[in-house]
Amino acid sequence: MTKSSSGFFACLVLSLSLILTLSSASTILFQGFDWESWHQQGGWYNSINNLVGKIAQAGVTHVWLPPPTHSVAPQGYLPGKLYDLNDSRYGNEAELKSLIATFHQNGIKCVADIVINHRCGTKQDHRGIWCIFEGGRSDGRLDWGPHYICRDDVEYSDGTGNLDSGAAYAAAPDIDHLNPDAQQGLIQWMNWLKTDIGFDGWRFDFAKGYAARIMKIYMEETSPDFAVGEIWNAMAYGPDGKLSYNQDQHRYDLANWATVAGGAIAAFDFTTKGILQAAVEGELWRLIDPNGRAPGLIGIMPNNAVTFIDNHDTGSTQQLWPFPSDKVMQGYAYILTHPGVPTIFYDHYFYWELMEEIVKLAAVRNRNGINESSSLNILAYDADLYVAMIDGKVITKIGPRYSVGDLVPSDFKIVTSGQDYCVWEKQSA
C-alpha cells in the first residue's frame, strides 16, 4: 500500500470513529446452522428451537439464521421466490416465526441471511432463458423480468439493464442493484422480514457483488439492529506459497467497504481469520502489526469487525478454508477476549462438544465488559507464545509455551484454560 493510500484510509477510519456510538455491552453472534442443516429430519427450525436455551448460555446476543426463502439449491443460496418462506428446506414460515419468538423470549435477536446479489428465475422468457422472476405473492411484488439483470451478465440479460456495480457471480443471474425499482422492491421485502416475520438484522451474502454505496441505501432504508457483510477476498501470499506477514491491503479493503457503506454495517474479519489460523501453526508472531496493533480488521476498525473461526463455507462439510481442527479453542480464546464482535459456530458448539469451554470464555468477556472497542495491549508475540491484556482486566495467552515469565501481575488469577490457552482475570482489591 502506498503512503498516500494509507493516509486516505487512516482518515476514513478516524472520521468513522468520530460518528460511531460505542456501547459497553458485548455483542456475541452465533451462527445457527451449517452447510448440511437442511437435511435435518423434522426441519431445522424445529430442531434448533429445542436448543435455544443452550445457545443462550454463551451470552449470545444475536443468532444468524440460514436463508429463509424458496431456493433452487437446498442450502438457500440460489433464491428465487423471495416472499415464499414455505418452500424452504429448513422449515416453513410458521416454524420460522416460532423459532424467532423463542429466541426473542431468551433475549436473542435474529439475523436473516440476505441473498440479494443474485436471483434464480422460475420461468423462461421467449428466448428460453431462465430470467423471469416470481416474488411468491399474488400482488406481483418482486415479479421481475430480464431488465432487472445486469447487462454484462450476458448469459441471462436482455441487454437493457445497467452494468454490474460489483463482482460477477456465475452461478445465477446478477441483479441490477442500480435499478431504482429493484432497490425499492428489495427494501420493501427486507422491511417485511422485520415487521411480519420478526427478524432484527441482516447478514449480507456475497456483499461484494454490488457497490458499497448501494449497501448504504439498503442499510438506511431498513435500519437493522445489527448487520454484517460477507466480503471474502484473497489474501496476500509470498513466492513460497506462505501467507504474507503484511495483510494491510486486505484489511483496509474491508475498512473502506464498511465506510463507503455508511459505517453502520460490519464486515466479517476474514483478515483476522486468515492470519490467526496461520499463526496458531507455530507462527504466533503474526498476531501483531508493526504498530503494535492486532493485524486484522480489529486492529484498525474494531467496531465494524465480526471475527469468526469457521462458518458454513470455510468449515462444515465444504472445508473451503478451515481453521486447524486441533487448535480451534486457541482461536476462540483469541476472538472471545479480543475487540470486535466474535462469532460462535454451531458445529463447534454442539457437534464438536466445545460448548463448556466456549461458555466459560464468553462469560469472561461479558463479566469484564469486553466489547468491540476494547483496548488491546500485546505483551508477547513469539513463535510459540502470544500474550495480550484486554482493557487492563483480562490477560489471554495462546500457544504451547507453558511459562509466561513475569508477564502476568500477581493480582491476576486464572479463570479458564484448555489445550494451549489460558485466561486470567484481574481480581478486585
# chains A, B, ... in the order shown; residues from 1 in each chain; ligands from 1

$ select_by_dssp --residues "segment 233-368 of chain A" --states "helix (DSSP H, G or I)" --output "PDB file with N, CA, C and O atoms, in the first residue's frame"
ATOM      1  N   ASP A 248      -2.133  -5.576   5.141  1.00  0.00           N
ATOM      2  CA  ASP A 248      -2.786  -4.274   5.252  1.00  0.00           C
ATOM      3  C   ASP A 248      -3.778  -4.010   4.126  1.00  0.00           C
ATOM      4  O   ASP A 248      -4.873  -3.477   4.354  1.00  0.00           O
ATOM      5  N   GLN A 249      -3.409  -4.339   2.908  1.00  0.00           N
ATOM      6  CA  GLN A 249      -4.331  -4.080   1.802  1.00  0.00           C
ATOM      7  C   GLN A 249      -5.640  -4.832   2.001  1.00  0.00           C
ATOM      8  O   GLN A 249      -6.729  -4.299   1.752  1.00  0.00           O
ATOM      9  N   HIS A 250      -5.537  -6.051   2.477  1.00  0.00           N
ATOM     10  CA  HIS A 250      -6.715  -6.878   2.689  1.00  0.00           C
ATOM     11  C   HIS A 250      -7.644  -6.261   3.739  1.00  0.00           C
ATOM     12  O   HIS A 250      -8.854  -6.129   3.514  1.00  0.00           O
ATOM     13  N   ARG A 251      -7.087  -5.846   4.862  1.00  0.00           N
ATOM     14  CA  ARG A 251      -7.947  -5.301   5.918  1.00  0.00           C
ATOM     15  C   ARG A 251      -8.424  -3.883   5.610  1.00  0.00           C
ATOM     16  O   ARG A 251      -9.537  -3.506   5.986  1.00  0.00           O
ATOM     17  N   TYR A 252      -7.612  -3.103   4.921  1.00  0.00           N
ATOM     18  CA  TYR A 252      -8.068  -1.759   4.557  1.00  0.00           C
ATOM     19  C   TYR A 252      -9.144  -1.798   3.482  1.00  0.00           C
ATOM     20  O   TYR A 252      -9.997  -0.905   3.410  1.00  0.00           O
ATOM     21  N   ASP A 253      -9.149  -2.827   2.656  1.00  0.00           N
ATOM     22  CA  ASP A 253     -10.258  -3.003   1.710  1.00  0.00           C
ATOM     23  C   ASP A 253     -11.566  -3.227   2.462  1.00  0.00           C
ATOM     24  O   ASP A 253     -12.620  -2.687   2.080  1.00  0.00           O
ATOM     25  N   LEU A 254     -11.516  -4.022   3.524  1.00  0.00           N
ATOM     26  CA  LEU A 254     -12.700  -4.246   4.347  1.00  0.00           C
ATOM     27  C   LEU A 254     -13.139  -2.950   5.028  1.00  0.00           C
ATOM     28  O   LEU A 254     -14.331  -2.616   5.062  1.00  0.00           O
ATOM     29  N   ALA A 255     -12.163  -2.213   5.562  1.00  0.00           N
ATOM     30  CA  ALA A 255     -12.474  -0.960   6.253  1.00  0.00           C
ATOM     31  C   ALA A 255     -13.081   0.061   5.293  1.00  0.00           C
ATOM     32  O   ALA A 255     -14.043   0.763   5.637  1.00  0.00           O
ATOM     33  N   ASN A 256     -12.516   0.138   4.095  1.00  0.00           N
ATOM     34  CA  ASN A 256     -13.038   1.074   3.093  1.00  0.00           C
ATOM     35  C   ASN A 256     -14.466   0.708   2.710  1.00  0.00           C
ATOM     36  O   ASN A 256     -15.332   1.585   2.591  1.00  0.00           O
ATOM     37  N   TRP A 257     -14.724  -0.583   2.522  1.00  0.00           N
ATOM     38  CA  TRP A 257     -16.076  -1.023   2.164  1.00  0.00           C
ATOM     39  C   TRP A 257     -17.080  -0.627   3.249  1.00  0.00           C
ATOM     40  O   TRP A 257     -18.146  -0.073   2.952  1.00  0.00           O
ATOM     41  N   ALA A 258     -16.752  -0.891   4.507  1.00  0.00           N
ATOM     42  CA  ALA A 258     -17.658  -0.564   5.609  1.00  0.00           C
ATOM     43  C   ALA A 258     -17.905   0.937   5.698  1.00  0.00           C
ATOM     44  O   ALA A 258     -19.015   1.389   5.995  1.00  0.00           O
ATOM     45  N   THR A 259     -16.882   1.721   5.420  1.00  0.00           N
ATOM     46  CA  THR A 259     -17.013   3.180   5.474  1.00  0.00           C
ATOM     47  C   THR A 259     -17.909   3.694   4.355  1.00  0.00           C
ATOM     48  O   THR A 259     -18.839   4.477   4.585  1.00  0.00           O
ATOM     49  N   VAL A 260     -17.653   3.259   3.130  1.00  0.00           N
ATOM     50  CA  VAL A 260     -18.462   3.698   1.989  1.00  0.00           C
ATOM     51  C   VAL A 260     -19.911   3.221   2.143  1.00  0.00           C
ATOM     52  O   VAL A 260     -20.852   3.902   1.723  1.00  0.00           O
ATOM     53  N   PHE A 270     -12.273 -11.459   7.672  1.00  0.00           N
ATOM     54  CA  PHE A 270     -11.530 -12.532   7.023  1.00  0.00           C
ATOM     55  C   PHE A 270     -10.028 -12.354   7.202  1.00  0.00           C
ATOM     56  O   PHE A 270      -9.284 -13.335   7.185  1.00  0.00           O
ATOM     57  N   THR A 271      -9.589 -11.116   7.375  1.00  0.00           N
ATOM     58  CA  THR A 271      -8.159 -10.884   7.588  1.00  0.00           C
ATOM     59  C   THR A 271      -7.694 -11.549   8.873  1.00  0.00           C
ATOM     60  O   THR A 271      -6.674 -12.254   8.896  1.00  0.00           O
ATOM     61  N   THR A 272      -8.436 -11.319   9.947  1.00  0.00           N
ATOM     62  CA  THR A 272      -8.064 -11.931  11.225  1.00  0.00           C
ATOM     63  C   THR A 272      -8.132 -13.447  11.137  1.00  0.00           C
ATOM     64  O   THR A 272      -7.250 -14.147  11.658  1.00  0.00           O
ATOM     65  N   LYS A 273      -9.161 -13.981  10.494  1.00  0.00           N
ATOM     66  CA  LYS A 273      -9.246 -15.436  10.363  1.00  0.00           C
ATOM     67  C   LYS A 273      -8.012 -16.006   9.668  1.00  0.00           C
ATOM     68  O   LYS A 273      -7.408 -16.970  10.137  1.00  0.00           O
ATOM     69  N   GLY A 274      -7.650 -15.415   8.533  1.00  0.00           N
ATOM     70  CA  GLY A 274      -6.518 -15.926   7.767  1.00  0.00           C
ATOM     71  C   GLY A 274      -5.219 -15.869   8.527  1.00  0.00           C
ATOM     72  O   GLY A 274      -4.414 -16.813   8.514  1.00  0.00           O
ATOM     73  N   ILE A 275      -4.993 -14.745   9.210  1.00  0.00           N
ATOM     74  CA  ILE A 275      -3.754 -14.594   9.980  1.00  0.00           C
ATOM     75  C   ILE A 275      -3.755 -15.511  11.194  1.00  0.00           C
ATOM     76  O   ILE A 275      -2.756 -16.171  11.495  1.00  0.00           O
ATOM     77  N   LEU A 276      -4.876 -15.582  11.903  1.00  0.00           N
ATOM     78  CA  LEU A 276      -4.947 -16.375  13.123  1.00  0.00           C
ATOM     79  C   LEU A 276      -4.747 -17.859  12.851  1.00  0.00           C
ATOM     80  O   LEU A 276      -4.028 -18.548  13.594  1.00  0.00           O
ATOM     81  N   GLN A 277      -5.343 -18.381  11.786  1.00  0.00           N
ATOM     82  CA  GLN A 277      -5.194 -19.805  11.531  1.00  0.00           C
ATOM     83  C   GLN A 277      -3.802 -20.171  11.017  1.00  0.00           C
ATOM     84  O   GLN A 277      -3.384 -21.322  11.140  1.00  0.00           O
ATOM     85  N   ALA A 278      -3.079 -19.188  10.498  1.00  0.00           N
ATOM     86  CA  ALA A 278      -1.669 -19.422  10.173  1.00  0.00           C
ATOM     87  C   ALA A 278      -0.809 -19.282  11.423  1.00  0.00           C
ATOM     88  O   ALA A 278       0.148 -20.041  11.628  1.00  0.00           O
ATOM     89  N   ALA A 279      -1.164 -18.327  12.270  1.00  0.00           N
ATOM     90  CA  ALA A 279      -0.371 -18.036  13.469  1.00  0.00           C
ATOM     91  C   ALA A 279      -0.347 -19.199  14.450  1.00  0.00           C
ATOM     92  O   ALA A 279       0.699 -19.483  15.061  1.00  0.00           O
ATOM     93  N   LEU A 284       2.995 -17.513  15.959  1.00  0.00           N
ATOM     94  CA  LEU A 284       2.179 -16.554  16.707  1.00  0.00           C
ATOM     95  C   LEU A 284       2.723 -15.129  16.647  1.00  0.00           C
ATOM     96  O   LEU A 284       2.014 -14.183  17.015  1.00  0.00           O
ATOM     97  N   TRP A 285       3.915 -14.957  16.152  1.00  0.00           N
ATOM     98  CA  TRP A 285       4.468 -13.616  15.934  1.00  0.00           C
ATOM     99  C   TRP A 285       3.655 -12.834  14.894  1.00  0.00           C
ATOM    100  O   TRP A 285       3.761 -11.597  14.810  1.00  0.00           O
ATOM    101  N   ARG A 286       2.826 -13.531  14.159  1.00  0.00           N
ATOM    102  CA  ARG A 286       1.983 -12.858  13.165  1.00  0.00           C
ATOM    103  C   ARG A 286       0.903 -11.981  13.803  1.00  0.00           C
ATOM    104  O   ARG A 286       0.327 -11.129  13.137  1.00  0.00           O
ATOM    105  N   LEU A 287       0.597 -12.204  15.086  1.00  0.00           N
ATOM    106  CA  LEU A 287      -0.566 -11.573  15.706  1.00  0.00           C
ATOM    107  C   LEU A 287      -0.318 -10.157  16.210  1.00  0.00           C
ATOM    108  O   LEU A 287      -1.019  -9.673  17.101  1.00  0.00           O
ATOM    109  N   LEU A 297      -8.715  -6.676  10.748  1.00  0.00           N
ATOM    110  CA  LEU A 297      -9.617  -5.525  10.763  1.00  0.00           C
ATOM    111  C   LEU A 297      -9.824  -5.022  12.186  1.00  0.00           C
ATOM    112  O   LEU A 297      -9.999  -3.818  12.402  1.00  0.00           O
ATOM    113  N   ILE A 298      -9.766  -5.917  13.172  1.00  0.00           N
ATOM    114  CA  ILE A 298      -9.950  -5.489  14.564  1.00  0.00           C
ATOM    115  C   ILE A 298      -8.848  -4.541  15.030  1.00  0.00           C
ATOM    116  O   ILE A 298      -9.023  -3.833  16.012  1.00  0.00           O
ATOM    117  N   GLY A 299      -7.746  -4.497  14.295  1.00  0.00           N
ATOM    118  CA  GLY A 299      -6.659  -3.601  14.678  1.00  0.00           C
ATOM    119  C   GLY A 299      -6.843  -2.184  14.185  1.00  0.00           C
ATOM    120  O   GLY A 299      -6.193  -1.261  14.680  1.00  0.00           O
ATOM    121  N   PRO A 302     -12.220  -1.890  14.813  1.00  0.00           N
ATOM    122  CA  PRO A 302     -12.820  -2.994  15.571  1.00  0.00           C
ATOM    123  C   PRO A 302     -14.335  -2.916  15.697  1.00  0.00           C
ATOM    124  O   PRO A 302     -15.000  -3.949  15.788  1.00  0.00           O
ATOM    125  N   ASN A 303     -14.892  -1.714  15.712  1.00  0.00           N
ATOM    126  CA  ASN A 303     -16.342  -1.580  15.837  1.00  0.00           C
ATOM    127  C   ASN A 303     -17.088  -2.149  14.630  1.00  0.00           C
ATOM    128  O   ASN A 303     -18.283  -2.423  14.711  1.00  0.00           O
ATOM    129  N   ASN A 304     -16.383  -2.323  13.530  1.00  0.00           N
ATOM    130  CA  ASN A 304     -17.005  -2.826  12.301  1.00  0.00           C
ATOM    131  C   ASN A 304     -16.457  -4.193  11.906  1.00  0.00           C
ATOM    132  O   ASN A 304     -16.588  -4.600  10.755  1.00  0.00           O
ATOM    133  N   SER A 325      -8.011 -27.974  12.948  1.00  0.00           N
ATOM    134  CA  SER A 325      -9.024 -28.571  13.817  1.00  0.00           C
ATOM    135  C   SER A 325      -8.555 -28.791  15.243  1.00  0.00           C
ATOM    136  O   SER A 325      -9.358 -28.729  16.182  1.00  0.00           O
ATOM    137  N   ASP A 326      -7.256 -29.033  15.441  1.00  0.00           N
ATOM    138  CA  ASP A 326      -6.750 -29.283  16.793  1.00  0.00           C
ATOM    139  C   ASP A 326      -6.422 -27.995  17.536  1.00  0.00           C
ATOM    140  O   ASP A 326      -5.970 -28.036  18.686  1.00  0.00           O
ATOM    141  N   LYS A 327      -6.666 -26.844  16.902  1.00  0.00           N
ATOM    142  CA  LYS A 327      -6.321 -25.565  17.529  1.00  0.00           C
ATOM    143  C   LYS A 327      -7.507 -24.597  17.561  1.00  0.00           C
ATOM    144  O   LYS A 327      -7.336 -23.400  17.784  1.00  0.00           O
ATOM    145  N   VAL A 328      -8.698 -25.138  17.352  1.00  0.00           N
ATOM    146  CA  VAL A 328      -9.897 -24.301  17.310  1.00  0.00           C
ATOM    147  C   VAL A 328     -10.111 -23.541  18.619  1.00  0.00           C
ATOM    148  O   VAL A 328     -10.488 -22.363  18.617  1.00  0.00           O
ATOM    149  N   MET A 329      -9.846 -24.171  19.745  1.00  0.00           N
ATOM    150  CA  MET A 329     -10.080 -23.480  21.019  1.00  0.00           C
ATOM    151  C   MET A 329      -9.074 -22.352  21.249  1.00  0.00           C
ATOM    152  O   MET A 329      -9.390 -21.371  21.929  1.00  0.00           O
ATOM    153  N   GLN A 330      -7.890 -22.443  20.686  1.00  0.00           N
ATOM    154  CA  GLN A 330      -6.972 -21.291  20.737  1.00  0.00           C
ATOM    155  C   GLN A 330      -7.610 -20.124  19.986  1.00  0.00           C
ATOM    156  O   GLN A 330      -7.510 -18.970  20.409  1.00  0.00           O
ATOM    157  N   GLY A 331      -8.247 -20.446  18.874  1.00  0.00           N
ATOM    158  CA  GLY A 331      -8.927 -19.409  18.106  1.00  0.00           C
ATOM    159  C   GLY A 331     -10.032 -18.746  18.905  1.00  0.00           C
ATOM    160  O   GLY A 331     -10.150 -17.516  18.928  1.00  0.00           O
ATOM    161  N   TYR A 332     -10.848 -19.550  19.586  1.00  0.00           N
ATOM    162  CA  TYR A 332     -11.927 -18.972  20.391  1.00  0.00           C
ATOM    163  C   TYR A 332     -11.391 -18.185  21.589  1.00  0.00           C
ATOM    164  O   TYR A 332     -11.976 -17.158  21.968  1.00  0.00           O
ATOM    165  N   ALA A 333     -10.308 -18.648  22.180  1.00  0.00           N
ATOM    166  CA  ALA A 333      -9.708 -17.896  23.280  1.00  0.00           C
ATOM    167  C   ALA A 333      -9.296 -16.507  22.800  1.00  0.00           C
ATOM    168  O   ALA A 333      -9.401 -15.522  23.540  1.00  0.00           O
ATOM    169  N   TYR A 334      -8.853 -16.420  21.558  1.00  0.00           N
ATOM    170  CA  TYR A 334      -8.455 -15.139  20.973  1.00  0.00           C
ATOM    171  C   TYR A 334      -9.677 -14.267  20.690  1.00  0.00           C
ATOM    172  O   TYR A 334      -9.795 -13.147  21.207  1.00  0.00           O
ATOM    173  N   ILE A 335     -10.618 -14.748  19.876  1.00  0.00           N
ATOM    174  CA  ILE A 335     -11.702 -13.851  19.440  1.00  0.00           C
ATOM    175  C   ILE A 335     -12.681 -13.508  20.562  1.00  0.00           C
ATOM    176  O   ILE A 335     -13.262 -12.421  20.570  1.00  0.00           O
ATOM    177  N   TYR A 346     -22.080 -23.051  15.100  1.00  0.00           N
ATOM    178  CA  TYR A 346     -22.922 -24.150  15.579  1.00  0.00           C
ATOM    179  C   TYR A 346     -22.152 -25.462  15.686  1.00  0.00           C
ATOM    180  O   TYR A 346     -22.245 -26.173  16.699  1.00  0.00           O
ATOM    181  N   ASP A 347     -21.401 -25.809  14.668  1.00  0.00           N
ATOM    182  CA  ASP A 347     -20.696 -27.094  14.659  1.00  0.00           C
ATOM    183  C   ASP A 347     -19.746 -27.228  15.834  1.00  0.00           C
ATOM    184  O   ASP A 347     -19.682 -28.276  16.491  1.00  0.00           O
ATOM    185  N   HIS A 348     -18.974 -26.169  16.091  1.00  0.00           N
ATOM    186  CA  HIS A 348     -18.021 -26.219  17.194  1.00  0.00           C
ATOM    187  C   HIS A 348     -18.739 -26.339  18.528  1.00  0.00           C
ATOM    188  O   HIS A 348     -18.310 -27.080  19.419  1.00  0.00           O
ATOM    189  N   TYR A 349     -19.807 -25.636  18.668  1.00  0.00           N
ATOM    190  CA  TYR A 349     -20.534 -25.569  19.938  1.00  0.00           C
ATOM    191  C   TYR A 349     -21.225 -26.885  20.266  1.00  0.00           C
ATOM    192  O   TYR A 349     -21.161 -27.363  21.407  1.00  0.00           O
ATOM    193  N   PHE A 350     -21.859 -27.492  19.271  1.00  0.00           N
ATOM    194  CA  PHE A 350     -22.635 -28.700  19.507  1.00  0.00           C
ATOM    195  C   PHE A 350     -21.939 -29.968  19.008  1.00  0.00           C
ATOM    196  O   PHE A 350     -21.677 -30.885  19.784  1.00  0.00           O
ATOM    197  N   TYR A 351     -21.609 -30.047  17.727  1.00  0.00           N
ATOM    198  CA  TYR A 351     -21.054 -31.278  17.181  1.00  0.00           C
ATOM    199  C   TYR A 351     -19.660 -31.586  17.730  1.00  0.00           C
ATOM    200  O   TYR A 351     -19.318 -32.740  17.956  1.00  0.00           O
ATOM    201  N   MET A 355     -18.956 -26.693  23.849  1.00  0.00           N
ATOM    202  CA  MET A 355     -19.847 -25.738  24.496  1.00  0.00           C
ATOM    203  C   MET A 355     -19.322 -25.284  25.852  1.00  0.00           C
ATOM    204  O   MET A 355     -19.313 -24.087  26.152  1.00  0.00           O
ATOM    205  N   GLU A 356     -18.891 -26.211  26.684  1.00  0.00           N
ATOM    206  CA  GLU A 356     -18.451 -25.852  28.037  1.00  0.00           C
ATOM    207  C   GLU A 356     -17.288 -24.868  28.010  1.00  0.00           C
ATOM    208  O   GLU A 356     -17.291 -23.858  28.731  1.00  0.00           O
ATOM    209  N   GLU A 357     -16.288 -25.133  27.162  1.00  0.00           N
ATOM    210  CA  GLU A 357     -15.134 -24.235  27.081  1.00  0.00           C
ATOM    211  C   GLU A 357     -15.517 -22.874  26.506  1.00  0.00           C
ATOM    212  O   GLU A 357     -15.056 -21.829  26.982  1.00  0.00           O
ATOM    213  N   ILE A 358     -16.356 -22.890  25.488  1.00  0.00           N
ATOM    214  CA  ILE A 358     -16.774 -21.634  24.867  1.00  0.00           C
ATOM    215  C   ILE A 358     -17.603 -20.802  25.835  1.00  0.00           C
ATOM    216  O   ILE A 358     -17.439 -19.577  25.922  1.00  0.00           O
ATOM    217  N   VAL A 359     -18.499 -21.436  26.583  1.00  0.00           N
ATOM    218  CA  VAL A 359     -19.328 -20.726  27.555  1.00  0.00           C
ATOM    219  C   VAL A 359     -18.451 -20.033  28.598  1.00  0.00           C
ATOM    220  O   VAL A 359     -18.719 -18.884  28.994  1.00  0.00           O
ATOM    221  N   LYS A 360     -17.408 -20.699  29.049  1.00  0.00           N
ATOM    222  CA  LYS A 360     -16.514 -20.099  30.041  1.00  0.00           C
ATOM    223  C   LYS A 360     -15.808 -18.858  29.472  1.00  0.00           C
ATOM    224  O   LYS A 360     -15.675 -17.842  30.160  1.00  0.00           O
ATOM    225  N   LEU A 361     -15.356 -18.943  28.232  1.00  0.00           N
ATOM    226  CA  LEU A 361     -14.691 -17.800  27.608  1.00  0.00           C
ATOM    227  C   LEU A 361     -15.659 -16.646  27.389  1.00  0.00           C
ATOM    228  O   LEU A 361     -15.324 -15.478  27.618  1.00  0.00           O
ATOM    229  N   ALA A 362     -16.872 -16.969  26.955  1.00  0.00           N
ATOM    230  CA  ALA A 362     -17.873 -15.932  26.753  1.00  0.00           C
ATOM    231  C   ALA A 362     -18.236 -15.262  28.065  1.00  0.00           C
ATOM    232  O   ALA A 362     -18.491 -14.042  28.106  1.00  0.00           O
ATOM    233  N   ALA A 363     -18.239 -16.028  29.147  1.00  0.00           N
ATOM    234  CA  ALA A 363     -18.538 -15.461  30.464  1.00  0.00           C
ATOM    235  C   ALA A 363     -17.467 -14.463  30.888  1.00  0.00           C
ATOM    236  O   ALA A 363     -17.771 -13.421  31.480  1.00  0.00           O
ATOM    237  N   VAL A 364     -16.216 -14.773  30.569  1.00  0.00           N
ATOM    238  CA  VAL A 364     -15.133 -13.831  30.869  1.00  0.00           C
ATOM    239  C   VAL A 364     -15.353 -12.537  30.098  1.00  0.00           C
ATOM    240  O   VAL A 364     -15.198 -11.435  30.648  1.00  0.00           O
ATOM    241  N   ARG A 365     -15.720 -12.658  28.840  1.00  0.00           N
ATOM    242  CA  ARG A 365     -15.972 -11.475  28.006  1.00  0.00           C
ATOM    243  C   ARG A 365     -17.065 -10.600  28.620  1.00  0.00           C
ATOM    244  O   ARG A 365     -16.894  -9.395  28.783  1.00  0.00           O
ATOM    245  N   ASN A 366     -18.187 -11.219  28.937  1.00  0.00           N
ATOM    246  CA  ASN A 366     -19.321 -10.457  29.449  1.00  0.00           C
ATOM    247  C   ASN A 366     -19.084  -9.926  30.860  1.00  0.00           C
ATOM    248  O   ASN A 366     -19.487  -8.809  31.179  1.00  0.00           O
ATOM    249  N   ARG A 367     -18.440 -10.728  31.688  1.00  0.00           N
ATOM    250  CA  ARG A 367     -18.191 -10.320  33.069  1.00  0.00           C
ATOM    251  C   ARG A 367     -17.294  -9.083  33.143  1.00  0.00           C
ATOM    252  O   ARG A 367     -17.444  -8.245  34.032  1.00  0.00           O
TER     253      ARG A 367
END

$ residues_around --residues "Phe204 of chain A" --least-positions-apart "2" --cutoff "12 Å" --atoms "only C-alpha atoms" --output "JSON, numbers by chain"
{"A": [64, 65, 66, 67, 77, 111, 112, 113, 114, 115, 116, 117, 118, 190, 201, 202, 206, 207, 208, 209, 210, 212, 215, 218, 219, 224, 226, 227, 228, 229, 230, 231, 232, 265, 266, 267, 268]}

$ write_last_selection --atoms "N, CA and C atoms" --output "compact mmCIF listing (two decimals), in the first residue's frame"
# COMPACT_ATOMS: atom_id res chain seq x y z
N TRP A 64 -27.51 -15.84 13.82
CA TRP A 64 -27.58 -15.75 12.37
C TRP A 64 -28.24 -17.03 11.85
N LEU A 65 -29.41 -16.86 11.23
CA LEU A 65 -30.18 -17.99 10.72
C LEU A 65 -29.96 -18.14 9.21
N PRO A 66 -30.25 -19.32 8.65
CA PRO A 66 -29.99 -19.56 7.23
C PRO A 66 -30.96 -18.79 6.33
N PRO A 67 -30.66 -18.70 5.03
CA PRO A 67 -31.56 -18.02 4.10
C PRO A 67 -32.97 -18.61 4.20
N TYR A 77 -28.93 -20.57 -0.99
CA TYR A 77 -28.10 -19.51 -1.57
C TYR A 77 -28.32 -19.28 -3.06
N VAL A 111 -30.88 -12.65 13.05
CA VAL A 111 -30.26 -12.07 11.86
C VAL A 111 -30.58 -12.95 10.65
N ALA A 112 -31.21 -12.38 9.64
CA ALA A 112 -31.55 -13.12 8.42
C ALA A 112 -30.37 -13.12 7.45
N ASP A 113 -30.16 -14.25 6.79
CA ASP A 113 -29.15 -14.34 5.74
C ASP A 113 -29.77 -13.78 4.46
N ILE A 114 -29.34 -12.59 4.06
CA ILE A 114 -29.92 -11.88 2.93
C ILE A 114 -29.11 -12.17 1.66
N VAL A 115 -29.72 -12.88 0.75
CA VAL A 115 -29.05 -13.26 -0.51
C VAL A 115 -29.73 -12.50 -1.64
N ILE A 116 -29.18 -11.33 -1.97
CA ILE A 116 -29.82 -10.48 -2.98
C ILE A 116 -28.87 -10.07 -4.10
N ASN A 117 -27.62 -10.50 -4.06
CA ASN A 117 -26.73 -10.18 -5.19
C ASN A 117 -27.24 -10.82 -6.47
N HIS A 118 -27.78 -12.01 -6.34
CA HIS A 118 -28.23 -12.79 -7.49
C HIS A 118 -29.57 -13.43 -7.16
N MET A 190 -37.15 -6.63 2.66
CA MET A 190 -36.41 -6.70 3.92
C MET A 190 -37.20 -6.12 5.08
N GLY A 201 -32.05 -8.17 12.14
CA GLY A 201 -30.86 -7.70 11.44
C GLY A 201 -30.54 -8.56 10.23
N TRP A 202 -29.42 -8.20 9.60
CA TRP A 202 -29.06 -8.82 8.32
C TRP A 202 -27.63 -9.32 8.30
N PHE A 206 -22.37 -12.53 -0.15
CA PHE A 206 -21.66 -12.05 -1.34
C PHE A 206 -21.87 -10.55 -1.54
N ALA A 207 -21.56 -9.81 -0.47
CA ALA A 207 -21.83 -8.36 -0.48
C ALA A 207 -20.94 -7.60 -1.45
N LYS A 208 -19.87 -8.20 -1.92
CA LYS A 208 -19.02 -7.51 -2.89
C LYS A 208 -19.59 -7.57 -4.30
N GLY A 209 -20.76 -8.19 -4.45
CA GLY A 209 -21.38 -8.32 -5.76
C GLY A 209 -22.07 -7.06 -6.24
N TYR A 210 -22.22 -6.07 -5.37
CA TYR A 210 -22.79 -4.77 -5.76
C TYR A 210 -22.11 -3.69 -4.95
N ALA A 212 -20.73 -0.69 -2.65
CA ALA A 212 -20.92 -0.36 -1.23
C ALA A 212 -21.91 0.79 -1.06
N MET A 215 -25.24 -0.62 -0.76
CA MET A 215 -25.44 -1.18 0.56
C MET A 215 -25.84 -0.09 1.55
N TYR A 218 -29.51 0.37 1.33
CA TYR A 218 -30.25 -0.71 1.98
C TYR A 218 -30.21 -0.58 3.50
N MET A 219 -29.07 -0.18 4.02
CA MET A 219 -28.93 -0.01 5.47
C MET A 219 -29.81 1.14 5.95
N PRO A 224 -31.50 -1.97 10.31
CA PRO A 224 -31.37 -3.19 11.11
C PRO A 224 -30.72 -2.92 12.47
N PHE A 226 -28.61 -4.95 13.71
CA PHE A 226 -27.24 -5.44 13.51
C PHE A 226 -27.13 -5.85 12.06
N ALA A 227 -25.99 -5.60 11.45
CA ALA A 227 -25.79 -6.02 10.06
C ALA A 227 -24.31 -6.28 9.81
N VAL A 228 -24.05 -7.31 9.02
CA VAL A 228 -22.67 -7.66 8.66
C VAL A 228 -22.67 -8.15 7.22
N GLY A 229 -21.62 -7.79 6.49
CA GLY A 229 -21.49 -8.20 5.10
C GLY A 229 -20.35 -9.18 4.90
N GLU A 230 -20.55 -10.08 3.94
CA GLU A 230 -19.52 -11.03 3.57
C GLU A 230 -18.71 -10.47 2.41
N ILE A 231 -17.48 -10.05 2.71
CA ILE A 231 -16.53 -9.58 1.69
C ILE A 231 -15.32 -10.50 1.78
N TRP A 232 -15.35 -11.55 1.01
CA TRP A 232 -14.30 -12.57 1.08
C TRP A 232 -13.36 -12.40 -0.10
N ILE A 265 -22.65 -0.72 9.13
CA ILE A 265 -22.56 -2.15 8.86
C ILE A 265 -21.16 -2.65 9.17
N ALA A 266 -21.06 -3.87 9.67
CA ALA A 266 -19.78 -4.50 9.94
C ALA A 266 -19.40 -5.41 8.77
N ALA A 267 -18.17 -5.88 8.79
CA ALA A 267 -17.70 -6.85 7.80
C ALA A 267 -17.11 -8.04 8.54
N PHE A 268 -17.33 -9.22 8.00
CA PHE A 268 -16.65 -10.37 8.57
C PHE A 268 -15.15 -10.17 8.42
